[in-house]
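Colleague: My structure file entry-v8.cif, mmCIF, C-alpha atoms, is below:
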```cif
data_start
loop_
_atom_site.label_atom_id
_atom_site.label_comp_id
_atom_site.auth_asym_id
_atom_site.auth_seq_id
_atom_site.Cartn_x
_atom_site.Cartn_y
_atom_site.Cartn_z
CA MET A 69 232.35 102.48 248.54
CA ASN A 70 235.94 103.66 247.87
CA LYS A 71 236.93 106.78 245.94
CA THR A 72 237.82 104.91 242.72
CA ILE A 73 234.43 103.22 242.55
CA LEU A 74 232.66 106.53 243.26
CA LEU A 75 234.55 108.29 240.45
CA SER A 76 233.84 105.44 238.07
CA TYR A 77 230.13 105.55 238.94
CA TYR A 78 230.10 109.34 238.52
CA PHE A 79 231.71 109.35 235.07
CA CYS A 80 229.50 106.46 233.90
CA THR A 81 226.39 108.34 235.02
CA VAL A 82 227.52 111.57 233.34
CA PHE A 83 228.25 109.68 230.12
CA LYS A 84 224.80 108.06 230.12
CA LEU A 85 223.16 111.43 230.82
CA LYS A 86 225.00 113.03 227.90
CA LEU A 87 223.89 110.23 225.61
CA PHE A 88 220.32 110.71 226.82
CA LEU A 89 220.48 114.46 226.24
CA PHE A 90 222.04 113.95 222.82
CA ALA A 91 219.20 111.62 221.84
CA ILE A 92 216.62 114.16 222.97
CA VAL A 93 218.39 117.01 221.15
CA ALA A 94 218.62 114.96 217.96
CA LEU A 95 214.95 113.99 218.16
CA THR A 96 213.83 117.54 218.94
CA SER A 97 215.91 118.91 216.06
CA PHE A 98 214.40 116.32 213.72
CA ILE A 99 210.85 117.12 214.74
CA SER A 100 211.37 120.88 214.45
CA LYS A 101 212.24 120.39 210.79
CA ALA A 102 209.02 118.45 210.34
CA GLU A 103 206.57 121.06 211.68
CA ILE A 104 205.57 121.53 208.05
CA VAL A 105 205.12 118.31 206.09
CA ASN A 106 204.61 117.63 202.39
CA ILE A 107 201.79 115.19 201.63
CA GLY A 108 201.12 113.77 198.19
CA ILE A 109 197.35 114.14 197.82
CA LEU A 110 195.11 112.29 195.37
CA TYR A 111 198.13 110.05 195.05
CA GLN A 112 198.23 107.88 191.92
CA THR A 113 195.17 109.66 190.51
CA LYS A 114 196.15 110.69 187.01
CA ILE A 115 194.91 114.30 187.11
CA THR A 116 195.26 116.45 184.01
CA SER A 117 192.79 119.19 184.91
CA PHE A 118 191.41 120.63 188.17
CA ILE A 119 190.06 123.80 189.77
CA PHE A 120 191.62 125.56 192.79
CA SER A 121 189.72 128.03 194.95
CA PRO A 122 190.42 129.57 198.40
CA GLU A 123 187.96 128.50 201.10
CA LYS A 124 189.41 130.67 203.86
CA GLY A 125 192.14 133.32 203.90
CA LYS A 126 194.17 134.64 200.97
CA TYR A 127 196.58 133.00 198.53
CA THR A 128 199.46 134.22 196.43
CA ILE A 129 200.29 132.19 193.33
CA TYR A 130 203.97 131.70 192.51
CA THR A 131 205.62 129.99 189.55
CA GLU A 132 209.24 129.46 188.57
CA THR A 133 209.17 133.01 187.17
CA GLY A 134 208.07 134.57 190.48
CA LYS A 135 204.80 135.95 191.80
CA LEU A 136 201.83 135.51 189.46
CA THR A 137 198.84 137.00 191.28
CA ASP A 138 196.83 137.14 194.53
CA ILE A 139 193.45 135.44 194.97
CA GLU A 140 190.81 135.23 197.71
CA ASN A 141 187.07 134.85 198.43
CA ASP A 142 186.27 131.84 196.27
CA GLU A 143 188.10 133.12 193.17
CA ILE A 144 188.59 130.23 190.76
CA ILE A 145 191.82 129.15 189.07
CA GLN A 146 191.83 126.35 186.52
CA LEU A 147 194.97 124.29 185.89
CA SER A 148 195.31 122.01 182.86
CA TYR A 149 198.10 119.81 181.53
CA SER A 150 199.50 120.63 178.08
CA ASN A 151 202.74 119.46 176.48
CA GLY A 152 204.59 118.91 179.74
CA GLU A 153 203.49 122.19 181.34
CA ILE A 154 200.70 123.61 183.49
CA LEU A 155 198.25 126.01 181.88
CA VAL A 156 196.88 128.50 184.43
CA LYS A 157 193.61 130.41 183.83
CA SER A 158 191.06 132.35 185.83
CA LEU A 159 187.52 133.09 184.65
CA ASP A 160 188.70 136.20 182.83
CA LYS A 161 192.45 135.81 182.28
CA ASP A 162 194.95 133.39 180.74
CA TYR A 163 198.15 133.53 182.82
CA GLY A 164 200.25 131.25 180.60
CA SER A 165 202.00 127.92 181.09
CA PHE A 166 204.56 126.95 183.73
CA LYS A 167 206.61 124.06 185.11
CA LYS A 168 205.52 124.48 188.72
CA VAL A 169 202.71 126.38 190.43
CA ARG A 170 202.58 127.15 194.16
CA PHE A 171 199.55 128.40 196.08
CA ILE A 172 200.84 129.97 199.31
CA GLY A 173 198.42 131.06 202.04
CA THR A 174 199.14 134.57 203.33
CA ALA A 175 196.43 135.08 205.98
CA TRP A 176 196.47 133.83 209.58
CA GLU A 177 194.36 130.79 208.63
CA ASN A 178 194.24 129.45 205.09
CA SER A 179 192.39 126.59 203.48
CA PHE A 180 191.45 125.75 199.91
CA LYS A 181 189.22 123.49 197.88
CA ILE A 182 190.00 121.59 194.72
CA LYS A 183 187.82 119.72 192.26
CA THR A 184 189.29 117.50 189.58
CA ASN A 185 187.80 117.81 186.09
CA ASN A 186 189.83 115.04 184.46
CA PRO A 187 189.20 112.57 185.93
CA ALA A 188 185.95 113.94 187.34
CA GLY A 189 185.97 114.09 191.13
CA LYS A 190 184.27 115.55 194.18
CA ILE A 191 185.25 118.80 195.89
CA LYS A 192 187.95 118.26 198.53
CA PHE A 193 189.12 120.68 201.22
CA TYR A 194 192.65 121.07 202.58
CA ASP A 195 194.52 123.38 204.96
CA ASP A 196 197.56 125.56 204.19
CA ASN A 197 199.44 125.40 200.87
CA LEU A 198 199.55 123.50 197.58
CA LEU A 199 202.35 122.73 195.13
CA VAL A 200 201.46 121.54 191.61
CA LYS A 201 204.00 120.06 189.23
CA VAL A 202 204.06 117.64 186.33
CA HIS A 203 204.85 114.06 187.27
CA ASN A 204 208.46 113.16 186.47
CA TYR A 205 207.63 110.23 184.19
CA ASP A 206 204.02 110.65 183.13
CA SER A 207 201.70 113.21 181.58
CA TYR A 208 199.69 114.20 184.63
CA PHE A 209 199.92 116.35 187.74
CA GLN A 210 201.51 115.70 191.09
CA LEU A 211 199.70 117.55 193.90
CA ILE A 212 201.56 118.18 197.18
CA ASN A 213 199.83 119.63 200.23
CA ASN A 214 202.42 121.68 202.14
CA ILE A 215 200.79 121.66 205.57
CA ASP A 216 201.35 122.24 209.29
CA ILE A 217 201.72 118.81 210.87
CA ASP A 218 198.90 119.37 213.38
CA ASN A 219 196.49 120.34 210.61
CA TYR A 220 197.58 117.18 208.80
CA VAL A 221 197.12 115.07 211.96
CA GLY A 222 193.55 116.35 212.32
CA GLY A 223 192.77 115.28 208.76
CA VAL A 224 194.31 111.85 209.33
CA VAL A 225 192.38 111.24 212.56
CA GLU A 226 189.03 112.00 210.90
CA SER A 227 189.93 109.93 207.83
CA GLU A 228 191.02 106.96 209.93
CA VAL A 229 188.27 106.83 212.58
CA GLY A 230 185.46 109.19 211.54
CA ARG A 231 183.67 111.64 213.83
CA SER A 232 181.79 109.32 216.23
CA PRO A 233 184.41 108.37 218.90
CA PRO A 234 184.61 110.37 222.18
CA PRO A 235 186.99 113.38 222.44
CA GLU A 236 189.46 111.51 224.66
CA TYR A 237 189.98 108.95 221.93
CA PHE A 238 190.65 111.69 219.37
CA LYS A 239 193.55 112.92 221.54
CA LEU A 240 195.02 109.43 221.68
CA GLN A 241 194.67 108.89 217.93
CA ALA A 242 196.22 112.30 217.24
CA ILE A 243 199.33 111.39 219.24
CA ILE A 244 199.58 108.03 217.48
CA CYS A 245 199.11 109.53 214.00
CA ARG A 246 201.70 112.26 214.71
CA THR A 247 204.20 109.67 215.91
CA TYR A 248 203.55 107.41 212.94
CA ALA A 249 203.93 110.29 210.47
CA LEU A 250 207.24 111.47 211.91
CA LYS A 251 208.57 107.92 212.17
CA ASN A 252 207.92 107.48 208.42
CA ILE A 253 208.59 111.05 207.29
CA ASP A 254 210.91 110.03 204.43
CA ARG A 255 208.79 107.25 202.96
CA HIS A 256 208.18 109.11 199.66
CA GLN A 257 211.32 111.25 199.66
CA ALA A 258 212.35 109.95 196.23
CA GLU A 259 209.05 111.27 194.81
CA GLY A 260 209.51 114.75 196.26
CA PHE A 261 207.22 114.62 199.30
CA SER A 262 207.06 113.09 202.78
CA LEU A 263 203.99 110.87 202.85
CA CYS A 264 201.05 110.10 200.59
CA ASP A 265 197.34 110.14 201.46
CA LYS A 266 196.78 106.38 201.10
CA VAL A 267 196.36 103.93 203.98
CA HIS A 268 199.90 102.51 203.77
CA CYS A 269 201.14 105.92 204.95
CA GLN A 270 197.92 106.93 206.76
CA ALA A 271 194.55 107.74 205.25
CA TYR A 272 194.22 111.48 204.63
CA ASN A 273 191.08 112.42 202.73
CA SER A 274 190.72 116.13 203.54
CA LYS A 275 190.83 118.69 206.33
CA PRO A 276 188.71 117.63 209.33
CA LYS A 277 185.10 118.77 209.55
CA SER A 278 184.90 118.03 213.29
CA ALA A 279 185.89 120.85 215.64
CA LEU A 280 186.53 118.22 218.34
CA ILE A 281 189.14 116.53 216.14
CA LYS A 282 190.84 119.83 215.32
CA ASP A 283 190.93 120.65 219.03
CA ALA A 284 192.36 117.22 219.87
CA ALA A 285 195.22 117.71 217.41
CA LEU A 286 195.99 121.16 218.84
CA GLU A 287 195.61 120.10 222.50
CA THR A 288 198.21 117.37 221.96
CA LYS A 289 200.45 119.59 219.84
CA GLY A 290 204.03 118.34 219.80
CA VAL A 291 203.29 115.17 221.78
CA VAL A 292 204.83 111.96 220.41
CA ILE A 293 205.52 108.47 221.76
CA VAL A 294 209.11 107.30 222.28
CA ASP A 295 210.74 104.13 223.56
CA SER A 296 213.31 103.82 226.35
CA ASP A 297 216.06 105.00 223.98
CA ILE A 298 214.10 108.16 223.05
CA ASN A 299 213.36 106.82 219.57
CA LEU A 300 209.94 107.28 217.99
CA ILE A 301 208.02 104.05 218.36
CA THR A 302 206.35 102.10 215.57
CA ALA A 303 202.84 103.27 216.49
CA THR A 304 200.78 100.59 214.77
CA PHE A 305 197.01 100.34 215.04
CA TYR A 306 194.10 98.45 213.47
CA SER A 307 190.36 97.99 213.93
CA ASN A 308 189.78 95.11 216.39
CA CYS A 309 192.05 92.49 217.99
CA GLY A 310 189.27 89.98 218.78
CA GLY A 311 190.22 89.82 222.46
CA GLN A 312 194.01 89.50 222.27
CA THR A 313 196.62 91.64 220.54
CA ALA A 314 199.63 90.09 218.78
CA ASN A 315 203.36 90.30 219.42
CA SER A 316 205.10 92.25 216.66
CA GLU A 317 207.30 89.32 215.59
CA GLU A 318 204.24 87.17 214.95
CA VAL A 319 203.28 89.46 212.07
CA TRP A 320 206.45 91.25 210.90
CA ARG A 321 209.24 89.10 212.39
CA GLN A 322 210.72 92.06 214.29
CA SER A 323 210.43 91.83 218.05
CA LEU A 324 209.74 95.19 219.71
CA TYR A 325 209.48 95.19 223.49
CA TYR A 326 206.59 97.68 223.54
CA LEU A 327 204.44 95.72 221.06
CA ARG A 328 203.54 92.78 223.29
CA SER A 329 200.41 90.64 223.26
CA VAL A 330 197.79 91.72 225.80
CA LYS A 331 194.38 90.37 226.70
CA ASP A 332 191.75 92.89 225.63
CA THR A 333 188.17 92.45 226.81
CA PHE A 334 187.14 95.98 225.80
CA CYS A 335 186.68 95.16 222.10
CA LEU A 336 184.77 91.89 222.46
CA ASN A 337 181.29 93.32 221.86
CA GLU A 338 182.25 95.81 219.16
CA ASN A 339 181.38 95.70 215.45
CA ASN A 340 184.46 93.88 214.17
CA ALA A 341 184.93 91.45 217.07
CA VAL A 342 183.81 88.33 215.15
CA TRP A 343 183.42 87.29 211.53
CA THR A 344 182.64 84.21 209.42
CA LYS A 345 183.79 83.17 205.96
CA LYS A 346 182.64 80.07 204.07
CA ILE A 347 184.86 78.36 201.49
CA PRO A 348 183.96 75.40 199.23
CA LYS A 349 185.68 72.36 200.70
CA THR A 350 187.18 71.41 197.33
CA ASP A 351 188.82 74.84 197.05
CA TRP A 352 190.25 74.56 200.56
CA ILE A 353 191.57 71.04 199.96
CA ASN A 354 193.14 72.13 196.68
CA TYR A 355 194.75 75.10 198.44
CA LEU A 356 196.30 72.92 201.15
CA SER A 357 197.54 70.23 198.78
CA SER A 358 198.81 72.32 195.87
CA LYS A 359 200.29 75.29 197.70
CA HIS A 360 201.36 73.73 201.00
CA LYS A 361 201.90 70.03 200.11
CA TYR A 362 199.38 68.79 202.67
CA PRO A 363 199.24 64.94 202.49
CA GLN A 364 196.45 63.91 200.12
CA GLU A 365 195.54 60.82 202.14
CA GLU A 366 194.77 62.99 205.18
CA LEU A 367 192.51 65.42 203.36
CA SER A 368 189.63 62.94 203.20
CA HIS A 369 189.37 62.94 207.01
CA GLU A 370 187.39 65.84 208.40
CA CYS A 371 189.25 65.72 211.70
CA SER A 372 192.49 66.50 209.87
CA LEU A 373 190.89 69.64 208.45
CA GLU A 374 189.67 70.94 211.81
CA TYR A 375 191.74 73.57 213.54
CA PHE A 376 191.07 75.60 216.69
CA GLN A 377 193.07 78.44 218.22
CA ASN A 378 192.90 78.40 222.02
CA CYS A 379 194.67 81.76 222.02
CA ARG A 380 196.26 83.87 219.30
CA GLU A 381 198.63 81.52 217.48
CA GLN A 382 201.27 82.02 214.82
CA ASN A 383 200.98 78.94 212.60
CA PHE A 384 198.47 76.41 211.30
CA GLU A 385 200.22 73.15 212.25
CA LYS A 386 199.02 69.66 211.25
CA GLN A 387 200.59 66.53 209.75
CA ASN A 388 204.07 68.10 210.06
CA ILE A 389 202.87 70.99 207.94
CA LYS A 390 203.38 74.51 209.29
CA ILE A 391 201.64 77.41 207.51
CA PRO A 392 201.93 80.97 208.88
CA LEU A 393 198.42 82.17 209.66
CA VAL A 394 199.25 85.61 208.26
CA ASP A 395 199.87 83.89 204.90
CA ILE A 396 196.46 82.21 205.00
CA ARG A 397 194.91 85.55 205.87
CA SER A 398 196.59 87.18 202.88
CA ASP A 399 195.80 84.35 200.45
CA TRP A 400 192.09 84.31 201.32
CA ARG A 401 191.72 88.02 202.11
CA LEU A 402 190.49 87.36 205.63
CA LYS A 403 189.78 90.05 208.20
CA SER A 404 192.38 88.66 210.58
CA ALA A 405 194.74 85.75 211.21
CA GLN A 406 192.80 84.64 214.29
CA PHE A 407 190.27 82.01 213.24
CA ASP A 408 189.05 78.43 213.72
CA ILE A 409 188.56 76.00 210.83
CA ILE A 410 185.37 73.90 210.93
CA PRO A 411 184.36 71.44 208.15
CA LYS A 412 180.58 71.46 207.53
CA GLY A 413 179.29 69.33 204.69
CA ASN A 414 180.67 70.65 201.41
CA GLU A 415 182.05 73.79 203.02
CA ILE A 416 184.86 74.92 205.25
CA VAL A 417 183.69 77.53 207.76
CA LEU A 418 186.27 79.95 209.08
CA GLN A 419 185.07 81.49 212.34
CA GLY A 420 187.27 84.44 213.07
CA LYS A 421 187.94 87.15 215.61
CA GLY A 422 189.01 90.73 215.05
CA PHE A 423 189.85 92.87 212.03
CA GLY A 424 193.43 93.79 211.16
CA HIS A 425 196.97 92.65 211.91
CA GLY A 426 196.49 92.81 215.69
CA VAL A 427 199.76 94.56 216.61
CA GLY A 428 199.62 97.65 218.83
CA LEU A 429 196.47 99.64 219.47
CA CYS A 430 193.05 98.06 219.00
CA GLN A 431 190.91 100.99 217.89
CA GLU A 432 187.54 99.60 218.89
CA GLY A 433 188.90 98.51 222.26
CA ALA A 434 190.48 101.92 222.81
CA MET A 435 187.24 103.70 221.87
CA ARG A 436 185.37 101.57 224.38
CA MET A 437 187.92 102.44 227.07
CA ALA A 438 187.48 106.15 226.29
CA LYS A 439 183.69 105.80 226.63
CA LEU A 440 184.21 104.15 230.01
CA GLY A 441 186.21 107.14 231.24
CA TYR A 442 189.83 106.04 230.79
CA SER A 443 192.25 108.86 229.94
CA TYR A 444 194.17 108.81 226.67
CA ALA A 445 197.38 108.19 228.67
CA GLN A 446 195.88 105.14 230.39
CA ILE A 447 194.64 103.74 227.09
CA LEU A 448 197.99 104.31 225.39
CA HIS A 449 199.94 102.49 228.11
CA PHE A 450 197.49 99.58 228.03
CA TYR A 451 198.38 98.82 224.40
CA TYR A 452 202.00 100.06 224.18
CA LYS A 453 204.17 98.74 227.00
CA ASP A 454 206.81 100.85 228.83
CA VAL A 455 206.77 103.78 226.40
CA HIS A 456 206.88 107.51 227.12
CA MET A 457 204.95 110.50 225.84
CA ILE A 458 207.17 113.51 225.21
CA ASN A 459 206.08 117.04 224.46
CA LEU A 460 208.82 118.17 222.13
CA GLU A 461 208.29 121.86 222.73
CA SER A 462 209.06 121.45 226.44
CA LEU A 463 212.47 119.96 225.59
CA ASP A 464 213.91 123.09 223.97
CA PHE A 465 215.89 123.91 227.09
CA PHE A 466 217.92 120.69 226.63
CA LYS A 467 219.35 122.13 223.42
CA GLN A 468 220.51 125.22 225.30
CA ASP A 469 222.13 123.28 228.15
CA PHE A 470 223.78 120.55 226.05
#
```
Once you've parsed the file, please lay out its structure as structure tokens.
Modeller:
Amino acid sequence: MNKTILLSYYFCTVFKLKLFLFAIVALTSFISKAEIVNIGILYQTKITSFIFSPEKGKYTIYTETGKLTDIENDEIIQLSYSNGEILVKSLDKDYGSFKKVRFIGTAWENSFKIKTNNPAGKIKFYDDNLLVKVHNYDSYFQLINNIDIDNYVGGVVESEVGRSPPPEYFKLQAIICRTYALKNIDRHQAEGFSLCDKVHCQAYNSKPKSALIKDAALETKGVVIVDSDINLITATFYSNCGGQTANSEEVWRQSLYYLRSVKDTFCLNENNAVWTKKIPKTDWINYLSSKHKYPQEELSHECSLEYFQNCREQNFEKQNIKIPLVDIRSDWRLKSAQFDIIPKGNEIVLQGKGFGHGVGLCQEGAMRMAKLGYSYAQILHFYYKDVHMINLESLDFFKQDF
């Protein structure tokens, strides 16, 4: 190899390394800003009155006029909506009305409970801080949980999967939920917070009750999943794939190299592996003919109504008609898009597999793998292909050397 080629190779390698380091620095900088996240809780619940009380630690109440008071040890503060402002009262004092109210934890560990009076609701527990303000366009409150991301991740894991899976699975789900949250951190930016507590962001019902889940979130602190370009992956998950996961483009039309279809035998005997739905034949025939222009003359033949998936397919195809299976799933509110169609008398029987969109991690399969002794890293790489787990805290030195 001559000198010119060596120099060219050297400068190309250095350039690629700098790009790699720049990507890591940018990602690390982004994550460091997101160590505290703002979550819209009780999202879209039109709350006009609720009670706040510390569960653990101490809280200082601030408003737009400054510090209001300190509270601790189950002291109760009632907040009520009135003429565009927030009325603040304790059991023995009326503090007045304000535009915004902040409850800031001042002890080493802080958590609080809230109970809505209007509408009536159950007591809910949350970690860290709370911001209360009046909704921009309506006459009710907007509640924002200002929370450490690992405390939030613990709450999401318990809300998404409950407390029954093994500890190794909790670690895996914590990494996935952290990655998903940071990937979508600006989803509700226009509304003044990062994410909401509904399933389209990630279910977040309260702080976790399970010590194992809290430990899993802390043991994986700072760990996220990135692709080969050091970008956070789209960490999708669902309940059960029915034996085979789906390629991303089969559901969302975007092809991602790490979201590839894999055979999954681990979920086959789990709760959501199979399902059945029966539909009146007349309703099914009307659906095919009116919405998808299926030839009327063919609909009288049962063989033309039959359909079997040998493996996970993308479209229902017959008589030159092509219907995306995800559309049929949506139209009939099916558990998945993986099903056979069997005419039986006056009914159409849909015999299906799995529960959910099928892209990424199959939760029931992953839980089974954890029970069998697979590590969270092994499980992760089974469902997400050629990705990397990065502990962001260990990358601080890149910022110093860059």
Colleague: Would you mind telling me which residue in A:Leu250, A:Ile154, A:Asp218, A:Ile182 lies nearest to His203 in chain A when using all atoms listed in the file?
Modeller: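 Result for the nearest residue to His203 in chain A: A:Ile154.
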Colleague: List the spatial neighbours of range 236-244 of chain A as a PyMOL selection string - criterion: any atom at most 10 Å away, only C-alpha atoms, same-chain residues fewer than 2 positions off excluded.
Modeller: chain A and resi 218+220-226+228-234+246-249+280-293+301-305+429+431+434-439+441-448+457
Colleague: For the file shown, report as a PyMOL selection string the outcome of the PyMOL selection byres ((chain A and resi 211) around 10) at residue level.
Modeller: chain A and resi 106-113+115+169+198-203+208-210+212-214+261
Colleague: CA of Ile353 in chain A and CA of Gln406 in chain A are how many Å apart?
Modeller: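 For CA of Ile353 in chain A relative to CA of Gln406 in chain A, the distance reads 19.8 Å.
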Colleague: Write out as a list in words which residues come within 7 Å of Ile416 in chain A when counting all atoms listed in the file, dropping same-chain ones fewer than 6 positions away.
Modeller: Lys346, Ile347, Pro348, Lys349, Ile409 and Ile410 of chain A
Colleague: From the list A:Trp400, A:Trp352, A:Tyr326, A:Trp176, which residue is nearest Asp196 in chain A when using only C-alpha atoms?
Modeller: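 That would be A:Trp176, the residue with the smallest distance to Asp196 in chain A.
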Colleague: Measuring atom to atom with all atoms listed in the file, identify which of A:Val105, A:Cys309, A:Ile458, A:Leu147 is nearest to Asn337 in chain A.
Modeller: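 Among the listed residues, the smallest separation from Asn337 in chain A belongs to A:Cys309.
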Colleague: Quick check, in Å to one decimal: how far apart do CA of Leu460 in chain A and CA of Gly428 in chain A lie?
Modeller: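 Pair CA of Leu460 in chain A / CA of Gly428 in chain A returns 22.7 Å.
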Colleague: What separation in Å, quoted to one decimal, exists between CA of Arg170 in chain A and CA of Leu155 in chain A?
Modeller: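 Interatomic distance here is 13.1 Å.
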Colleague: For the structure shown, which residues end up in the PyMOL selection byres ((chain A and resi 336) around 9)? Put them as an MDAnalysis selection string, please?
Modeller: chainID A and resid 308:311 332:335 337:342 421:422 432:433
Colleague: Taking C-alpha atoms for each residue, export the selection above as an mmCIF file, keeping the file's coordinate frame.
Modeller:
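The result, written out as result_3.cif:
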```cif
data_model
loop_
_atom_site.group_PDB
_atom_site.id
_atom_site.type_symbol
_atom_site.label_atom_id
_atom_site.label_comp_id
_atom_site.auth_asym_id
_atom_site.auth_seq_id
_atom_site.Cartn_x
_atom_site.Cartn_y
_atom_site.Cartn_z
ATOM 1 C CA ASN A 308 189.780 95.110 216.390
ATOM 2 C CA CYS A 309 192.050 92.490 217.990
ATOM 3 C CA GLY A 310 189.270 89.980 218.780
ATOM 4 C CA GLY A 311 190.220 89.820 222.460
ATOM 5 C CA ASP A 332 191.750 92.890 225.630
ATOM 6 C CA THR A 333 188.170 92.450 226.810
ATOM 7 C CA PHE A 334 187.140 95.980 225.800
ATOM 8 C CA CYS A 335 186.680 95.160 222.100
ATOM 9 C CA ASN A 337 181.290 93.320 221.860
ATOM 10 C CA GLU A 338 182.250 95.810 219.160
ATOM 11 C CA ASN A 339 181.380 95.700 215.450
ATOM 12 C CA ASN A 340 184.460 93.880 214.170
ATOM 13 C CA ALA A 341 184.930 91.450 217.070
ATOM 14 C CA VAL A 342 183.810 88.330 215.150
ATOM 15 C CA LYS A 421 187.940 87.150 215.610
ATOM 16 C CA GLY A 422 189.010 90.730 215.050
ATOM 17 C CA GLU A 432 187.540 99.600 218.890
ATOM 18 C CA GLY A 433 188.900 98.510 222.260
#
```
Colleague: On this structure, which residues satisfy the PyMOL selection byres ((chain A and resi 408) around 10), written as a list in words?
Modeller: Thr344, Glu374, Tyr375, Phe376, Gln377, Asn378, Phe384, Ala405, Gln406, Phe407, Ile409, Ile410, Val417, Leu418, Gln419, Gly420 and Lys421 of chain A
Colleague: Please put the answer as JSON: centre and edge lengths, in Å with one decimal, of a box along x, y and z that encloses all listed atoms of range 109-114 of chain A plus 4 Å on each side.
Modeller:
```
{"center_x": 196.7, "center_y": 111.0, "center_z": 192.4, "size_x": 11.1, "size_y": 14.3, "size_z": 18.8}
```
Colleague: If you count all atoms listed in the file, which residues fall within 10 Å of Asn354 in chain A, apart from same-chain ones fewer than 6 positions away, as a PyMOL selection string?
Modeller: chain A and resi 360-362+364+367
Colleague: With all atoms listed in the file as the basis for distance, which of A:Phe450, A:Phe180, A:Thr133, A:Asn186 is at the shortest distance from Tyr163 in chain A?
Modeller: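 So, comparing all the options, the nearest one is A:Thr133.
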Colleague: Between A:Lys345, A:His456, A:Ile139, A:Pro411, which has the minimum distance to Ile298 in chain A (counting all atoms listed in the file)?
Modeller: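 Smallest separation from Ile298 in chain A among the options: A:His456.
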